[in-house]
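What's in query16.csv: CSV, C-alpha atoms and all ligand atoms
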chain,number,residue,atom,x,y,z
A,7,MET,CA,-12.7,135.4,76.1
A,8,ALA,CA,-12.4,137.3,72.8
A,9,ARG,CA,-8.8,137.9,71.9
A,10,VAL,CA,-7.6,141.5,71.5
A,11,THR,CA,-7.5,142.9,68.0
A,12,GLU,CA,-4.8,145.0,66.3
A,13,ASP,CA,-7.2,147.9,66.1
A,14,GLU,CA,-7.8,147.8,69.8
A,15,VAL,CA,-4.1,147.8,70.5
A,16,ARG,CA,-3.6,150.8,68.2
A,17,SER,CA,-6.4,152.6,69.8
A,18,ALA,CA,-4.9,152.0,73.3
A,19,LEU,CA,-1.5,153.2,72.1
A,20,SER,CA,-3.0,156.3,70.6
A,21,ALA,CA,-3.9,157.3,74.2
A,22,VAL,CA,-0.2,157.1,75.3
A,23,ILE,CA,1.5,160.5,75.0
A,24,ASP,CA,5.2,161.1,74.6
A,25,GLN,CA,5.8,163.8,77.1
A,26,ASP,CA,8.7,165.2,75.0
A,27,THR,CA,6.6,166.0,72.0
A,28,GLY,CA,3.1,166.0,73.4
A,29,GLN,CA,2.0,163.6,70.6
A,30,ASN,CA,0.6,160.1,71.0
A,31,LEU,CA,2.5,157.0,69.9
A,32,ILE,CA,0.3,156.3,66.9
A,33,ASP,CA,0.1,159.8,65.4
A,34,SER,CA,3.8,160.3,65.8
A,35,ASN,CA,4.5,157.0,63.9
A,36,MET,CA,6.6,155.7,66.7
A,37,ILE,CA,5.2,152.2,66.7
A,38,SER,CA,6.6,149.6,64.3
A,39,GLY,CA,6.5,145.9,63.9
A,40,LEU,CA,3.2,145.5,65.7
A,41,VAL,CA,2.3,141.8,66.1
A,42,VAL,CA,-1.0,140.7,67.7
A,43,LYS,CA,-1.4,136.9,67.9
A,44,ASP,CA,-3.6,134.9,70.1
A,45,GLY,CA,-3.7,137.5,72.8
A,46,ASN,CA,0.1,138.0,72.7
A,47,VAL,CA,1.2,141.5,71.7
A,48,GLY,CA,4.6,142.7,70.6
A,49,PHE,CA,5.8,145.9,69.1
A,50,ALA,CA,8.7,148.3,68.9
A,51,ILE,CA,8.8,152.0,69.9
A,52,GLU,CA,11.2,154.0,67.8
A,53,VAL,CA,13.0,156.6,69.7
A,54,ASP,CA,15.8,159.0,69.0
A,55,PRO,CA,19.1,157.2,69.8
A,56,LYS,CA,20.1,160.2,72.0
A,57,ALA,CA,17.0,159.7,74.1
A,58,GLY,CA,17.7,156.1,74.7
A,59,ALA,CA,16.9,154.8,78.2
A,60,ALA,CA,15.2,158.1,79.1
A,61,LYS,CA,12.3,156.7,77.2
A,62,GLU,CA,11.9,153.7,79.5
A,63,PRO,CA,8.8,155.3,81.3
A,64,LEU,CA,7.2,155.7,77.9
A,65,ARG,CA,7.8,152.1,77.1
A,66,GLN,CA,6.3,151.0,80.4
A,67,ALA,CA,3.3,153.3,79.8
A,68,ALA,CA,2.7,151.7,76.4
A,69,GLU,CA,2.9,148.2,77.8
A,70,ALA,CA,0.6,149.1,80.6
A,71,ALA,CA,-2.0,150.6,78.3
A,72,VAL,CA,-2.1,147.5,76.1
A,73,ASN,CA,-2.1,145.2,79.2
A,74,ALA,CA,-5.2,146.9,80.4
A,75,LEU,CA,-7.2,145.8,77.4
A,76,SER,CA,-9.3,142.7,77.7
A,77,GLY,CA,-8.2,139.6,75.8
A,78,VAL,CA,-4.5,140.4,76.3
A,79,LEU,CA,-2.3,137.5,77.6
A,80,SER,CA,1.1,139.2,77.3
A,81,VAL,CA,2.7,142.4,76.0
A,82,THR,CA,6.3,143.0,75.0
A,83,ALA,CA,7.4,146.4,74.0
A,84,VAL,CA,10.9,147.2,73.1
A,85,LEU,CA,12.7,150.5,72.5
A,86,THR,CA,14.6,150.7,69.2
A,87,ALA,CA,17.0,153.5,68.4
A,88,HIS,CA,16.5,155.0,65.0
A,89,GLN,CA,18.9,157.3,63.3
A,90,ALA,CA,18.1,160.9,64.1
A,91,ALA,CA,15.9,162.5,61.4
A,92,GLY,CA,17.6,165.0,59.2
A,93,ASN,CA,20.9,163.3,59.9
A,94,THR,CA,22.4,160.8,57.5
A,95,ALA,CA,19.0,159.4,56.6
A,96,GLN,CA,18.2,162.6,54.6
A,97,ALA,CA,21.6,163.1,53.2
A,98,PRO,CA,21.6,162.7,49.5
A,99,GLN,CA,23.9,160.0,48.2
A,100,SER,CA,25.6,160.4,45.0
A,101,ALA,CA,24.4,158.0,42.3
A,102,PRO,CA,25.6,154.5,43.1
A,103,LYS,CA,28.6,153.7,40.9
A,104,PRO,CA,29.1,150.2,39.6
A,105,ALA,CA,30.0,148.5,42.8
A,106,GLY,CA,33.8,148.9,42.5
A,107,ARG,CA,36.8,149.4,44.7
A,108,GLU,CA,36.7,153.2,44.5
A,109,GLN,CA,33.2,153.3,45.7
A,110,ALA,CA,32.2,155.5,48.6
A,111,SER,CA,30.9,153.9,51.7
A,112,SER,CA,27.2,153.9,52.5
A,113,PRO,CA,26.4,157.0,54.5
A,114,ASP,CA,26.1,155.3,57.8
A,115,ILE,CA,27.7,151.9,57.5
A,116,PRO,CA,31.4,152.4,57.4
A,117,GLY,CA,33.2,150.3,54.8
A,118,VAL,CA,30.0,149.1,53.2
A,119,GLY,CA,29.3,150.3,49.6
A,120,THR,CA,26.0,149.3,47.9
A,121,ILE,CA,23.3,147.5,49.8
A,122,ILE,CA,20.6,145.6,47.9
A,123,ALA,CA,17.6,143.6,49.1
A,124,VAL,CA,16.4,140.3,47.8
A,125,ALA,CA,12.7,140.1,48.5
A,126,SER,CA,9.6,138.0,47.6
A,127,GLY,CA,5.9,138.5,48.0
A,128,LYS,CA,5.6,135.2,49.8
A,129,GLY,CA,7.7,132.3,51.2
A,130,GLY,CA,8.9,129.2,49.4
A,131,VAL,CA,9.7,130.8,46.0
A,132,GLY,CA,13.4,130.4,46.4
A,133,LYS,CA,14.3,133.9,47.7
A,134,SER,CA,17.0,132.7,50.0
A,135,THR,CA,18.5,130.3,47.4
A,136,THR,CA,18.6,133.2,45.0
A,137,ALA,CA,20.1,135.6,47.6
A,138,ALA,CA,22.9,133.2,48.4
A,139,ASN,CA,23.7,132.3,44.8
A,140,LEU,CA,23.5,135.9,43.8
A,141,ALA,CA,25.9,136.9,46.5
A,142,LEU,CA,28.4,134.1,45.5
A,143,ALA,CA,28.0,135.1,41.8
A,144,LEU,CA,28.8,138.7,42.6
A,145,ALA,CA,31.9,137.5,44.4
A,146,ALA,CA,32.8,135.4,41.4
A,147,LEU,CA,32.6,138.6,39.4
A,148,GLY,CA,35.3,140.1,41.6
A,149,GLN,CA,33.1,142.0,44.1
A,150,ARG,CA,33.8,142.0,47.8
A,151,VAL,CA,30.5,140.7,49.1
A,152,ALA,CA,28.5,140.4,52.3
A,153,LEU,CA,25.3,138.4,52.7
A,154,LEU,CA,23.0,139.5,55.5
A,155,ASP,CA,20.2,137.2,56.4
A,156,ALA,CA,17.3,139.2,57.9
A,157,ASP,CA,14.6,136.5,57.2
A,158,ILE,CA,13.2,136.3,60.7
A,159,TYR,CA,10.6,133.7,59.9
A,160,GLY,CA,13.0,131.2,58.4
A,161,PRO,CA,16.7,132.2,58.4
A,162,SER,CA,18.2,129.8,56.0
A,163,VAL,CA,21.6,131.3,55.3
A,164,PRO,CA,23.3,129.2,58.1
A,165,ARG,CA,22.0,126.0,56.4
A,166,LEU,CA,22.7,127.2,52.9
A,167,LEU,CA,26.3,128.1,53.7
A,168,ALA,CA,27.0,125.5,56.4
A,169,LEU,CA,27.7,128.2,59.0
A,170,LYS,CA,28.1,126.9,62.5
A,171,GLY,CA,28.3,128.4,66.0
A,172,LYS,CA,27.6,131.8,67.3
A,173,PRO,CA,29.4,134.7,65.8
A,174,GLU,CA,32.5,135.8,67.8
A,175,THR,CA,32.4,139.1,69.6
A,176,ASP,CA,34.7,141.4,71.6
A,177,GLY,CA,31.7,142.7,73.5
A,178,ASN,CA,31.5,145.7,71.2
A,179,GLN,CA,31.4,144.2,67.7
A,180,LEU,CA,30.4,140.9,66.1
A,181,TRP,CA,32.6,139.2,63.6
A,182,PRO,CA,30.9,138.1,60.4
A,183,LYS,CA,31.3,134.5,59.4
A,184,GLU,CA,33.4,133.9,56.2
A,185,GLN,CA,32.4,131.2,53.8
A,186,TYR,CA,33.3,130.6,50.1
A,187,GLY,CA,34.9,134.1,49.9
A,188,ILE,CA,32.0,136.1,51.2
A,189,LYS,CA,31.2,137.5,54.7
A,190,CYS,CA,27.9,136.5,56.2
A,191,MET,CA,25.7,137.2,59.2
A,192,SER,CA,22.3,135.7,59.9
A,193,ILE,CA,19.6,136.5,62.3
A,194,GLY,CA,19.5,132.8,62.8
A,195,LEU,CA,22.9,133.0,64.5
A,196,LEU,CA,21.6,135.7,66.9
A,197,ILE,CA,18.2,134.6,68.1
A,198,GLU,CA,17.3,131.2,69.6
A,199,GLU,CA,15.6,128.9,67.3
A,200,ASP,CA,12.7,128.4,69.6
A,201,THR,CA,12.0,132.2,69.9
A,202,PRO,CA,8.2,132.5,69.5
A,203,MET,CA,7.1,134.1,66.2
A,204,VAL,CA,5.2,136.8,68.0
A,205,TRP,CA,8.4,138.3,69.4
A,206,ARG,CA,10.4,138.1,66.2
A,207,GLY,CA,8.8,141.1,64.5
A,208,PRO,CA,9.9,143.6,67.1
A,209,MET,CA,13.2,141.8,67.6
A,210,VAL,CA,14.3,141.8,64.0
A,211,GLN,CA,14.5,145.6,63.9
A,212,SER,CA,17.0,145.9,66.7
A,213,ALA,CA,18.8,142.8,65.4
A,214,LEU,CA,19.0,144.4,61.9
A,215,GLU,CA,20.4,147.5,63.4
A,216,GLN,CA,23.0,145.4,65.1
A,217,MET,CA,23.8,143.4,62.0
A,218,LEU,CA,24.2,146.5,59.9
A,219,ARG,CA,26.1,148.7,62.4
A,220,GLN,CA,27.8,146.5,65.0
A,221,VAL,CA,29.3,143.9,62.7
A,222,ALA,CA,32.9,144.3,61.7
A,223,TRP,CA,32.1,144.0,58.0
A,224,GLY,CA,35.4,145.5,56.8
A,225,GLU,CA,35.5,146.7,53.2
A,226,ILE,CA,32.5,145.5,51.3
A,227,ASP,CA,31.4,146.5,47.7
A,228,VAL,CA,28.0,144.9,47.7
A,229,MET,CA,25.9,143.7,50.6
A,230,VAL,CA,23.0,141.4,49.8
A,231,ILE,CA,20.1,141.4,52.3
A,232,ASP,CA,17.9,138.3,52.4
A,233,MET,CA,14.6,139.9,53.5
A,234,PRO,CA,11.7,138.2,55.3
A,235,PRO,CA,9.1,137.1,52.7
A,236,GLY,CA,6.0,139.2,52.3
A,237,THR,CA,5.0,142.8,52.3
A,238,GLY,CA,3.8,143.5,55.9
A,239,ASP,CA,4.9,145.9,58.5
A,240,ALA,CA,8.1,144.1,59.5
A,241,GLN,CA,9.3,144.1,55.9
A,242,LEU,CA,8.4,147.7,55.3
A,243,THR,CA,10.3,148.8,58.4
A,244,LEU,CA,13.3,146.8,57.3
A,245,THR,CA,13.3,148.5,53.9
A,246,GLN,CA,13.4,151.8,55.7
A,247,ARG,CA,16.1,150.7,58.1
A,248,ALA,CA,18.8,149.9,55.6
A,249,PRO,CA,20.1,152.5,53.1
A,250,LEU,CA,19.0,150.3,50.1
A,251,ALA,CA,20.3,151.1,46.6
A,252,GLY,CA,17.7,148.7,45.1
A,253,ALA,CA,15.7,145.5,45.4
A,254,VAL,CA,15.7,142.3,43.5
A,255,ILE,CA,12.3,140.5,43.5
A,256,VAL,CA,12.1,136.7,43.3
A,257,SER,CA,9.0,135.1,41.9
A,258,THR,CA,7.9,131.8,40.5
A,259,PRO,CA,6.1,131.7,37.2
A,260,GLN,CA,2.7,131.0,38.8
A,261,ASP,CA,0.2,133.8,38.6
A,262,LEU,CA,-0.5,133.8,42.3
A,263,SER,CA,3.0,134.5,43.3
A,264,LEU,CA,3.2,137.1,40.6
A,265,ILE,CA,0.4,139.0,42.3
A,266,ASP,CA,2.4,138.6,45.4
A,267,ALA,CA,5.5,139.9,43.6
A,268,ARG,CA,3.6,142.9,42.6
A,269,LYS,CA,2.8,143.6,46.2
A,270,GLY,CA,6.5,143.4,46.9
A,271,LEU,CA,7.2,145.9,44.1
A,272,ASN,CA,4.7,148.3,45.5
A,273,MET,CA,6.2,148.1,49.0
A,274,PHE,CA,9.6,149.2,47.6
A,275,LYS,CA,8.0,151.9,45.5
A,276,LYS,CA,6.3,153.3,48.6
A,277,VAL,CA,9.7,153.8,50.3
A,278,ASP,CA,11.3,155.0,47.1
A,279,VAL,CA,13.7,152.1,46.6
A,280,PRO,CA,14.3,151.3,43.0
A,281,ILE,CA,13.5,147.8,41.7
A,282,LEU,CA,16.6,146.4,40.1
A,283,GLY,CA,14.5,143.7,38.5
A,284,ILE,CA,12.6,140.4,38.8
A,285,VAL,CA,14.2,136.9,38.8
A,286,GLU,CA,11.9,134.1,37.7
A,287,ASN,CA,12.8,131.1,39.9
A,288,MET,CA,11.8,127.5,39.2
A,289,SER,CA,11.0,128.8,35.8
A,290,TYR,CA,11.2,125.5,33.8
A,291,PHE,CA,12.1,122.0,34.7
A,292,VAL,CA,15.3,120.2,33.9
A,293,CYS,CA,15.0,116.4,34.2
A,294,GLY,CA,17.8,115.1,36.6
A,295,ASN,CA,18.2,112.0,34.5
A,296,CYS,CA,18.1,113.0,30.9
A,297,GLY,CA,18.6,116.8,31.1
A,298,HIS,CA,15.4,117.3,29.1
A,299,ARG,CA,13.9,120.7,29.5
A,300,THR,CA,10.1,121.1,30.2
A,301,ASP,CA,8.3,124.3,30.7
A,302,VAL,CA,6.3,124.5,33.8
A,303,PHE,CA,2.9,126.0,34.1
A,304,SER,CA,2.9,129.7,33.3
A,305,HIS,CA,6.6,129.8,32.4
A,306,GLY,CA,7.6,133.2,31.3
A,307,GLY,CA,5.0,134.9,33.5
A,308,ALA,CA,7.6,136.9,35.4
A,309,ARG,CA,9.2,138.2,32.2
A,310,ASN,CA,5.8,139.3,30.9
A,311,GLU,CA,4.9,140.8,34.2
A,312,ALA,CA,8.2,142.7,34.4
A,313,GLU,CA,7.6,144.1,30.9
A,314,LYS,CA,4.1,145.2,31.9
A,315,LEU,CA,5.3,146.8,35.1
A,316,GLY,CA,8.2,148.5,33.3
A,317,VAL,CA,10.9,146.9,35.5
A,318,PRO,CA,13.9,144.9,34.3
A,319,PHE,CA,13.7,141.2,33.9
A,320,LEU,CA,17.0,139.8,35.4
A,321,GLY,CA,16.8,136.2,34.3
A,322,ASP,CA,15.3,132.8,34.9
A,323,ILE,CA,16.6,129.9,36.9
A,324,PRO,CA,15.2,126.4,36.3
A,325,LEU,CA,13.7,124.0,38.8
A,326,ASP,CA,16.6,121.6,39.1
A,327,ILE,CA,17.2,119.1,41.8
A,328,ALA,CA,20.9,120.0,41.7
A,329,ILE,CA,20.1,123.5,42.9
A,330,ARG,CA,18.1,122.1,45.9
A,331,GLU,CA,20.7,119.4,46.7
A,332,SER,CA,23.6,121.7,46.6
A,333,SER,CA,21.7,124.1,49.0
A,334,ASP,CA,20.9,121.3,51.3
A,335,ASP,CA,24.6,120.3,51.4
A,336,GLY,CA,25.6,123.8,52.5
A,337,LYS,CA,27.4,124.5,49.2
A,338,PRO,CA,25.2,126.5,46.8
A,339,ILE,CA,25.4,125.6,43.1
A,340,VAL,CA,27.5,128.6,42.2
A,341,VAL,CA,30.4,127.3,44.2
A,342,ALA,CA,29.5,123.6,44.0
A,343,GLU,CA,29.6,123.7,40.1
A,344,PRO,CA,31.3,127.0,39.3
A,345,ASP,CA,31.5,126.2,35.6
A,346,GLY,CA,28.1,124.8,35.3
A,347,VAL,CA,25.1,126.3,33.5
A,348,HIS,CA,23.4,127.3,36.7
A,349,ALA,CA,26.5,129.2,38.0
A,350,LYS,CA,26.5,131.0,34.6
A,351,ALA,CA,22.9,131.9,34.9
A,352,TYR,CA,23.4,133.4,38.4
A,353,GLN,CA,26.4,135.2,37.2
A,354,ALA,CA,24.4,136.7,34.3
A,355,ILE,CA,21.8,137.9,36.9
A,356,ALA,CA,24.6,139.3,39.1
A,357,GLN,CA,26.1,141.2,36.1
A,358,SER,CA,22.6,142.6,35.3
A,359,VAL,CA,22.3,143.7,38.9
A,360,LEU,CA,25.7,145.5,38.7
A,361,ASP,CA,24.6,147.1,35.4
A,362,GLN,CA,21.4,148.3,37.0
A,363,LEU,CA,23.2,149.7,39.9
A,364,ALA,CA,25.6,151.5,37.6
A,365,GLY,CA,22.8,153.0,35.6
A,366,SER,CA,20.8,154.1,38.6
A,367,THR,CA,20.7,157.7,39.4
A,368,ARG,CA,18.6,157.6,42.5
A,369,GLN,CA,19.3,159.2,45.8
A,370,ALA,CA,19.4,157.5,49.2
A,371,PRO,CA,16.1,156.4,50.5
A,372,ARG,CA,14.6,158.9,52.9
A,373,ILE,CA,13.7,157.7,56.3
A,374,VAL,CA,10.9,159.9,57.4
A,375,MET,CA,10.5,160.4,61.1
A,376,GLN,CA,7.5,162.5,62.1
B,401,LIG,P1,12.3,131.1,50.3
B,401,LIG,O1,13.5,131.8,50.8
B,401,LIG,O2,11.6,131.9,49.2
B,401,LIG,O3,11.4,130.7,51.4
B,401,LIG,P2,14.1,128.9,49.7
B,401,LIG,O4,15.2,129.6,49.0
B,401,LIG,O5,14.3,128.5,51.1
B,401,LIG,O6,12.8,129.8,49.5
B,401,LIG,O7,13.6,127.7,48.7
B,401,LIG,C1,12.6,126.9,49.1
B,401,LIG,C2,12.9,125.4,48.7
B,401,LIG,O8,13.0,125.3,47.3
B,401,LIG,C3,14.3,125.0,49.2
B,401,LIG,O9,14.2,123.6,49.5
B,401,LIG,C4,15.2,125.2,48.0
B,401,LIG,O10,16.3,124.3,48.0
B,401,LIG,C5,14.3,124.9,46.9
B,401,LIG,N1,14.7,125.6,45.6
B,401,LIG,C6,14.8,127.0,45.5
B,401,LIG,N2,15.1,127.3,44.2
B,401,LIG,C7,15.1,126.1,43.6
B,401,LIG,C8,15.4,125.8,42.2
B,401,LIG,N3,15.6,126.7,41.3
B,401,LIG,N4,15.4,124.5,41.9
B,401,LIG,C9,15.2,123.5,42.8
B,401,LIG,N5,14.9,123.8,44.1
B,401,LIG,C10,14.9,125.0,44.5

Full structure transcribed into structure tokens:
Amino acid sequence: MARVTEDEVRSALSAVIDQDTGQNLIDSNMISGLVVKDGNVGFAIEVDPKAGAAKEPLRQAAEAAVNALSGVLSVTAVLTAHQAAGNTAQAPQSAPKPAGREQASSPDIPGVGTIIAVASGKGGVGKSTTAANLALALAALGQRVALLDADIYGPSVPRLLALKGKPETDGNQLWPKEQYGIKCMSIGLLIEEDTPMVWRGPMVQSALEQMLRQVAWGEIDVMVIDMPPGTGDAQLTLTQRAPLAGAVIVSTPQDLSLIDARKGLNMFKKVDVPILGIVENMSYFVCGNCGHRTDVFSHGGARNEAEKLGVPFLGDIPLDIAIRESSDDGKPIVVAEPDGVHAKAYQAIAQSVLDQLAGSTRQAPRIVMQ
């Protein structure tokens, strides 16, 4: 039997009408995070938080419509509550100041100042390693920092920071984990490891909402979000979910990943989030025995590319076994060797990020609900 395609699913959903608006689910842009894999279909339906459970019949109708297609093995639709349009999402935010104590809170996340994303066009380029070390370097510069791991496909912050156990909760709020002076939360602590990939897309959106708004973050100057790699629907929705002040793109020097990095840049441009800059990771090779430096293939590609694209180049980090080993040990290099060259390199990147934020005059990203 032929498996159902994404187009067929979309077409079925375009026949499901939201009685409150008279519009179908596709035209009204209510579907997000659609995943179609081997006959298993998952998606989220975005509804006004005020409508909440009243939309359950709509959810069931959507599920039934997709279920009726041939080649469908299972369907999971979840309702996700979005911020009301025209509410905080549209409210202009004053230019982000250098993340500092006097800074105003993000419009809808009490206590949290600036939120930045660390993203990459594809997996394996060192995005999580960079996010963790950047967060710790920002803390070393005196910022109050949170690290939020939203990488559904491979949440690595629990391993990188040796976090253990489920977060504590009072039934209302979750408590962030604290490690090396920063507060952390990871989707890896919230969903079971064996959750099938096909469910993760839809789940991450409600999980991100929860991690942003139901975690007792306290007072935070800069929150760093470790994004899922790639530039698909799930990533795009995430960038719209959080009031991002900017994005850091991690790339290796190889041309291929630079093409991917470019896709990442375009994704953020689409949603009007400024690019704070590109970090070239695994930029050159430092021999673990003799300390000799060797350039790797296409070294400097990210710097050239950044120049071409007119975005800042934030710095380069070598391929060094010490960076990998410290990560594997649950103590990233910035805290394992705080006076070493790598810690200095991450701090320089962190300082550039703060400078970029200080210079930025943008307004809050708009979340458009039609
Ligand atoms: P991503 O988040 O992009 O998938 P990770 O941060 O998990 O990538 O890194 C992938 C692997 O590469 C990990 O084993 C990590 O320890 C290693 N790694 C990342 N950056 C470096 C580096 N600069 N030098 C050496 N190893 C690195």

Closest-contact table, chain A side, partner ligand LIG 401 (chain B), 6 Å, counting all atoms listed in the file, as a tab-separated table:
residue	atom	partner	partner_atom	distance
A:Gly129	CA	B:LIG401	O3	4.0
A:Gly130	CA	B:LIG401	O3	3.5
A:Val131	CA	B:LIG401	O2	3.9
A:Gly132	CA	B:LIG401	O6	3.2
A:Lys133	CA	B:LIG401	O2	3.7
A:Ser134	CA	B:LIG401	O1	3.7
A:Thr135	CA	B:LIG401	O4	3.7
A:Asn287	CA	B:LIG401	N3	5.4
A:Met288	CA	B:LIG401	N3	4.4
A:Ile323	CA	B:LIG401	N3	5.5
A:Pro324	CA	B:LIG401	N3	5.0
A:Leu325	CA	B:LIG401	N4	3.6
A:Asp326	CA	B:LIG401	N4	4.2
A:Ile327	CA	B:LIG401	C9	4.9
A:Ile329	CA	B:LIG401	C9	4.9
A:Arg330	CA	B:LIG401	O10	3.5
A:Ser333	CA	B:LIG401	O10	5.5

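Residue nearest A:Arg165, chosen from A:Ile265, A:Leu195, A:Ala356, A:Ala8 and counting all atoms listed in the file: A:Leu195.
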
With a distance cut-off of 7 Å and only C-alpha atoms, select the neighbouring residues of stretch 41-43 of chain A, excluding the residue or stretch itself and same-chain residues fewer than 2 positions from it, and output the selection as a compact mmCIF listing (two decimals) with C-alpha atoms, keeping the file's coordinate frame.
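Result file follows (part_0.txt):
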# COMPACT_ATOMS: atom_id res chain seq x y z
CA THR A 11 -7.50 142.90 68.00
CA GLU A 12 -4.80 145.00 66.30
CA GLY A 39 6.50 145.90 63.90
CA GLY A 45 -3.70 137.50 72.80
CA ASN A 46 0.10 138.00 72.70
CA VAL A 47 1.20 141.50 71.70
CA GLY A 48 4.60 142.70 70.60
CA PHE A 49 5.80 145.90 69.10
CA VAL A 204 5.20 136.80 68.00
CA GLY A 207 8.80 141.10 64.50

Gap from atom CA of A:Ala83 to atom CA of A:Arg65 - Å, one decimal: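 Calculated distance between atom CA of A:Ala83 and atom CA of A:Arg65 is 6.5 Å.
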
- prompt: Quick one: of A:Gln179, A:Gln25, A:Thr120, A:Asn310, who's nearest to A:Ala251, counting only C-alpha atoms?
  reply: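 With only C-alpha atoms as the atom set, the closest residue is A:Thr120.
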
field: Å distance separating atom CA of A:Ile231 from atom CA of A:Leu31, one decimal place
entry: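 Between atom CA of A:Ile231 and atom CA of A:Leu31 the gap is 29.4 Å.
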
field: All residues 12 Å or closer to A:Ala138, only C-alpha atoms, same chain fewer than 4 positions away omitted, as a count of residues only
entry: 47

Set the distance at 10 Å and use only C-alpha atoms: which residues neighbour A:Thr300 once local chain neighbours fewer than 5 positions away are removed? I'd like the list as a PDB file with C-alpha atoms, keeping the file's coordinate frame.
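As a result, selection-v2.pdb now contains:
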ATOM      1  CA  SER A 289      11.000 128.800  35.800  1.00  0.00           C
ATOM      2  CA  TYR A 290      11.200 125.500  33.800  1.00  0.00           C
ATOM      3  CA  PHE A 291      12.100 122.000  34.700  1.00  0.00           C
ATOM      4  CA  VAL A 292      15.300 120.200  33.900  1.00  0.00           C
ATOM      5  CA  CYS A 293      15.000 116.400  34.200  1.00  0.00           C
ATOM      6  CA  HIS A 305       6.600 129.800  32.400  1.00  0.00           C
ATOM      7  CA  PRO A 324      15.200 126.400  36.300  1.00  0.00           C
ATOM      8  CA  LEU A 325      13.700 124.000  38.800  1.00  0.00           C
TER       9      LEU A 325
END

query: Which distance in Å separates atom CA of A:Pro344 and atom CA of A:Leu147, to one decimal?
result: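 Distance between the two atoms: 11.7 Å.
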
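With all atoms listed in the file as the basis for measurement, A:Thr86 is the residue among A:Gln260, A:Thr86, A:Thr237, A:Asn295 that approaches A:Leu214 most closely.
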
Show me, as JSON lines, the residues of stretch 158-264 of chain A having an atom within 6 Å of stretch 271-282 of chain A, each with the closest atom pair and its distance in Å, using all atoms listed in the file.
{"residue": "A:Gly252", "atom": "CA", "partner": "A:Pro280", "partner_atom": "CA", "distance": 4.8}
{"residue": "A:Ala253", "atom": "CA", "partner": "A:Ile281", "partner_atom": "CA", "distance": 4.9}
{"residue": "A:Val254", "atom": "CA", "partner": "A:Leu282", "partner_atom": "CA", "distance": 5.4}

- prompt: Which neighbours of A:Val72 fall inside 8 Å, counting all atoms listed in the file, when residues of the same chain fewer than 4 positions from it are skipped, and could you give them as a ChimeraX atom specification?
  reply: /A:15,18-19,68,78,81

query: In terms of the shortest atom-to-atom distance over all atoms listed in the file, which of A:Val10, A:Lys170, A:Gly238, A:Thr245 is closest to A:Ser80?
result: A:Val10

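Distances from A:Ile51, A:Val256, A:Leu79, A:Leu320 to A:Ser358 were compared using all atoms listed in the file, and the smallest one belongs to A:Leu320.
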
Please reconstruct the missing atoms of stretch 228-236 of chain A (target: N, CA, C and O atoms) and return them as a CSV table (one decimal), in the frame of the given file.
chain,number,residue,atom,x,y,z
A,228,VAL,N,29.4,145.1,47.8
A,228,VAL,CA,28.0,144.9,47.7
A,228,VAL,C,27.5,144.0,48.9
A,228,VAL,O,28.1,143.0,49.1
A,229,MET,N,26.5,144.6,49.6
A,229,MET,CA,25.9,143.7,50.6
A,229,MET,C,24.5,143.3,50.1
A,229,MET,O,23.7,144.1,49.7
A,230,VAL,N,24.2,142.0,50.2
A,230,VAL,CA,23.0,141.4,49.8
A,230,VAL,C,22.2,141.1,51.1
A,230,VAL,O,22.6,140.4,51.9
A,231,ILE,N,21.0,141.7,51.2
A,231,ILE,CA,20.1,141.4,52.3
A,231,ILE,C,19.0,140.4,51.9
A,231,ILE,O,18.2,140.7,51.1
A,232,ASP,N,19.0,139.3,52.6
A,232,ASP,CA,17.9,138.3,52.4
A,232,ASP,C,16.8,138.7,53.3
A,232,ASP,O,16.8,138.6,54.5
A,233,MET,N,15.7,139.3,52.7
A,233,MET,CA,14.6,139.9,53.5
A,233,MET,C,13.6,138.8,53.9
A,233,MET,O,13.5,137.7,53.3
A,234,PRO,N,12.8,139.1,55.0
A,234,PRO,CA,11.7,138.2,55.3
A,234,PRO,C,10.7,138.2,54.2
A,234,PRO,O,10.5,139.3,53.6
A,235,PRO,N,10.1,137.1,53.8
A,235,PRO,CA,9.1,137.1,52.7
A,235,PRO,C,7.9,138.0,53.1
A,235,PRO,O,7.6,138.1,54.3
A,236,GLY,N,7.2,138.5,52.1
A,236,GLY,CA,6.0,139.2,52.3
A,236,GLY,C,6.2,140.7,52.3
A,236,GLY,O,7.3,141.2,52.1
